[in-house]
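What follows is a set of notes on a single structure, which appears directly below.
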Amino acid sequence: MSTYYSLVFTYKRNELTTGPAGFYDALIAAGAEFKGGCFEDSSLPLSEIAAINSQKLIDNFELGYDEDCSNDYKQAVFALDGFSGARVFIMNNDTTEGEYYFNIILSENEVLMNEGFGIRYKKDSIDRLLHLAKSIMKSTKALLVQTEPELCSETVSYEEFKSTGIINANPFALTLKESAAADERYYTSLTDGELAVIYDKKYNLTERT
């Protein structure tokens with residue numbers, strides 16, 4: 001995959017109620033199609049990928065700097081309408097906050113266009129991703145959804161968002177409307193049922209859900 005664009009879903013480790021299987025099920029229910037494991041795991045069924053990743057989360061596994069990447073959480077490949085493909089992987093590198101992330105990554109050039117010194121997002125792509133993110137968040141009770149181009153600041157933890165109101169919304173983010181508020185100097189927040197849809201003002205998007 002070329003330069004990538006990420007949807008990052010944040011979960012609490014002490015609330016592993018659905019875990020990997022629940023996330024994959026929610027992604028499929030939202031319209032994605034499982035195509036196989038990634039790299040050397042291409043033949044693994046989704047049930048085995050989910051079981052391996054679930055046990056690693058239970059063990060609070062975090063890949064060491066000197067470990068081979070084959071020891072890490074297993075990645076899965078999905079077909080997603082409107083995109084050439086998507087990979088899903090798990091990050092468990094915020095163990096101090098007790099959080100872990102599901103990342104859906106897509107080809108960045110299918111989501112945004114560079115225009116001189118600015119960035120413009122493709123409306124159809126963002127509409128598809130926003131719909132997908134809402135569906136998964138509602139199904140799996142994610143704490144946050146953040147959107148991040150490859151060259152982006154570090155993913156913001158839920159605890160940091162609650163204390164600062166800062167979040168990666170490139171161009172949107174989601175949270176539960178009662179959980180925390182985005183800083184109004186930088187973001188526009190709209191209510192959509194139980195969710196708050198957050199837009200970064202620097203992209204000058206039309207307000208829509």
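Just remember, in the structure tokens the first chain shown is A, the second B, etc., residues are 1-based per chain, and ligands are 1-based in the order shown.
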- Item | Test item: residues at most 10 Å from Ile167 in chain A, only C-alpha atoms, excluding those fewer than 5 positions along its chain, as a list in words | Leu144, Val145, Gln146, Thr147, Ser153, Glu154, Thr155, Val156, Ser157, Tyr158, Glu160, Phe161, Lys162, Phe172, Ala173, Leu174, Ala182, Asp183, Tyr186, Tyr187, Ile198, Tyr199 and Asp200 of chain A
Based on the selection just made, write N, CA and C atoms of those residues as a compact mmCIF listing (two decimals), in the first residue's frame.
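Result saved to part19.txt:
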```
# COMPACT_ATOMS: atom_id res chain seq x y z
N LEU A 144 -13.48 6.76 20.95
CA LEU A 144 -13.15 7.80 19.98
C LEU A 144 -12.95 7.17 18.62
N VAL A 145 -13.17 7.95 17.58
CA VAL A 145 -12.67 7.64 16.25
C VAL A 145 -11.89 8.86 15.79
N GLN A 146 -10.65 8.66 15.35
CA GLN A 146 -9.84 9.74 14.83
C GLN A 146 -9.44 9.43 13.39
N THR A 147 -9.22 10.47 12.59
CA THR A 147 -8.79 10.30 11.21
C THR A 147 -7.43 10.95 11.04
N SER A 153 0.23 14.05 13.55
CA SER A 153 0.68 13.95 14.93
C SER A 153 0.27 12.61 15.53
N GLU A 154 0.86 12.26 16.64
CA GLU A 154 0.58 10.98 17.30
C GLU A 154 -0.90 10.89 17.68
N THR A 155 -1.43 9.68 17.61
CA THR A 155 -2.83 9.45 18.00
C THR A 155 -3.06 9.94 19.42
N VAL A 156 -4.15 10.67 19.62
CA VAL A 156 -4.48 11.25 20.92
C VAL A 156 -5.22 10.22 21.76
N SER A 157 -4.77 10.00 22.98
CA SER A 157 -5.46 9.07 23.87
C SER A 157 -6.78 9.68 24.34
N TYR A 158 -7.68 8.84 24.79
CA TYR A 158 -8.97 9.31 25.28
C TYR A 158 -8.79 10.22 26.49
N GLU A 160 -6.22 12.07 27.19
CA GLU A 160 -5.68 13.35 26.74
C GLU A 160 -6.77 14.21 26.10
N PHE A 161 -7.64 13.58 25.30
CA PHE A 161 -8.74 14.32 24.70
C PHE A 161 -9.64 14.92 25.78
N LYS A 162 -9.96 14.15 26.80
CA LYS A 162 -10.83 14.66 27.87
C LYS A 162 -10.21 15.85 28.59
N PHE A 172 -12.44 14.63 10.15
CA PHE A 172 -13.48 14.46 11.17
C PHE A 172 -13.00 13.52 12.27
N ALA A 173 -13.71 13.56 13.39
CA ALA A 173 -13.53 12.61 14.48
C ALA A 173 -14.90 12.36 15.10
N LEU A 174 -14.99 11.31 15.89
CA LEU A 174 -16.24 10.98 16.57
C LEU A 174 -15.95 10.69 18.03
N ALA A 182 -14.76 18.83 22.38
CA ALA A 182 -13.62 19.30 21.59
C ALA A 182 -13.45 20.80 21.79
N ASP A 183 -12.22 21.27 21.72
CA ASP A 183 -11.90 22.68 21.90
C ASP A 183 -12.55 23.50 20.77
N TYR A 186 -10.78 25.29 17.69
CA TYR A 186 -10.23 24.56 16.55
C TYR A 186 -11.23 23.66 15.84
N TYR A 187 -12.34 23.33 16.50
CA TYR A 187 -13.25 22.33 15.97
C TYR A 187 -14.70 22.81 15.99
N ILE A 198 -17.06 15.67 15.03
CA ILE A 198 -16.13 16.78 15.21
C ILE A 198 -15.40 17.05 13.90
N TYR A 199 -15.44 18.29 13.42
CA TYR A 199 -14.73 18.69 12.21
C TYR A 199 -13.65 19.70 12.57
N ASP A 200 -12.46 19.51 12.03
CA ASP A 200 -11.40 20.49 12.21
C ASP A 200 -11.70 21.71 11.34
```
- Task: Taking the chain letters and numbering used in this document, name the residues of range 28-209 of chain A that DSSP puts in strand (DSSP E), as number ranges by chain.
- Result: A: 33-37, 76-79, 86-94, 99-107, 112-115, 118-121, 144-149, 172-176, 187-192, 195-200
- Message: If you run DSSP on the backbone here, which positions in range 9-42 of chain A get helix (DSSP H, G or I)? Please write them as JSON, numbers by chain.
- Response: {"A": [13, 14, 15, 19, 20, 21, 22, 23, 24, 25, 26, 27, 28, 29, 39, 40, 41]}
Please produce, as CSV, a per-residue contact table for range 1-28 of chain A versus range 52-63 of chain A (criterion: any atom at most 9 Å away, only C-alpha atoms considered), showing the nearest atom pair and its distance in Å to one decimal, sorted by chain then residue number.
```
residue,atom,partner,partner_atom,distance
A:Arg13,CA,A:Leu57,CA,7.6
A:Leu16,CA,A:Ile58,CA,8.2
A:Gly19,CA,A:Ser54,CA,6.3
A:Pro20,CA,A:Ser54,CA,5.9
A:Ala21,CA,A:Ser54,CA,7.8
```
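The spacing separating CA of Ile126 in chain A from CA of Gly193 in chain A amounts to 19.5 Å.
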- Note on the structure: From CA of Phe23 in chain A to CA of Glu48 in chain A the spacing works out at 14.0 Å
- Leaving out range 77-85 of chain A and any residue of its chain fewer than 5 positions from it, which residues lie within 10 Å of it when counting only C-alpha atoms, given as a PyMOL selection string? chain A and resi 1+24+27-28+30-39+42+46+104-107+110-111+124-125+128-129+132
- Item | One-decimal distance in Å that lies between CA of Thr10 in chain A and CA of Asn103 in chain A |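 Pair CA of Asn103 in chain A / CA of Thr10 in chain A returns 9.0 Å.
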- Selected residue, from A:Pro149, A:Gly165, A:Pro45, A:Asp25, that lies nearest to Asn114 in chain A when counting only C-alpha atoms: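 Once distances to Asn114 in chain A are computed over only C-alpha atoms, the minimum belongs to A:Pro149.
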- Find the residue from A:Leu176, A:Asn71, A:Val88, A:Asn170 that sits nearest to Lys201 in chain A; use only C-alpha atoms when measuring.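 Of A:Leu176, A:Asn71, A:Val88, A:Asn170, the one nearest Lys201 in chain A, counting only C-alpha atoms, is A:Asn170.
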- Task: Choose the residue, out of A:Val8, A:Leu44, A:Ile136, A:Glu148, that has the smallest atom-to-atom separation from Tyr101 in chain A; count only C-alpha atoms.
- Result: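 Checking each of A:Val8, A:Leu44, A:Ile136, A:Glu148 against Tyr101 in chain A, counting only C-alpha atoms, the winner is A:Val8.
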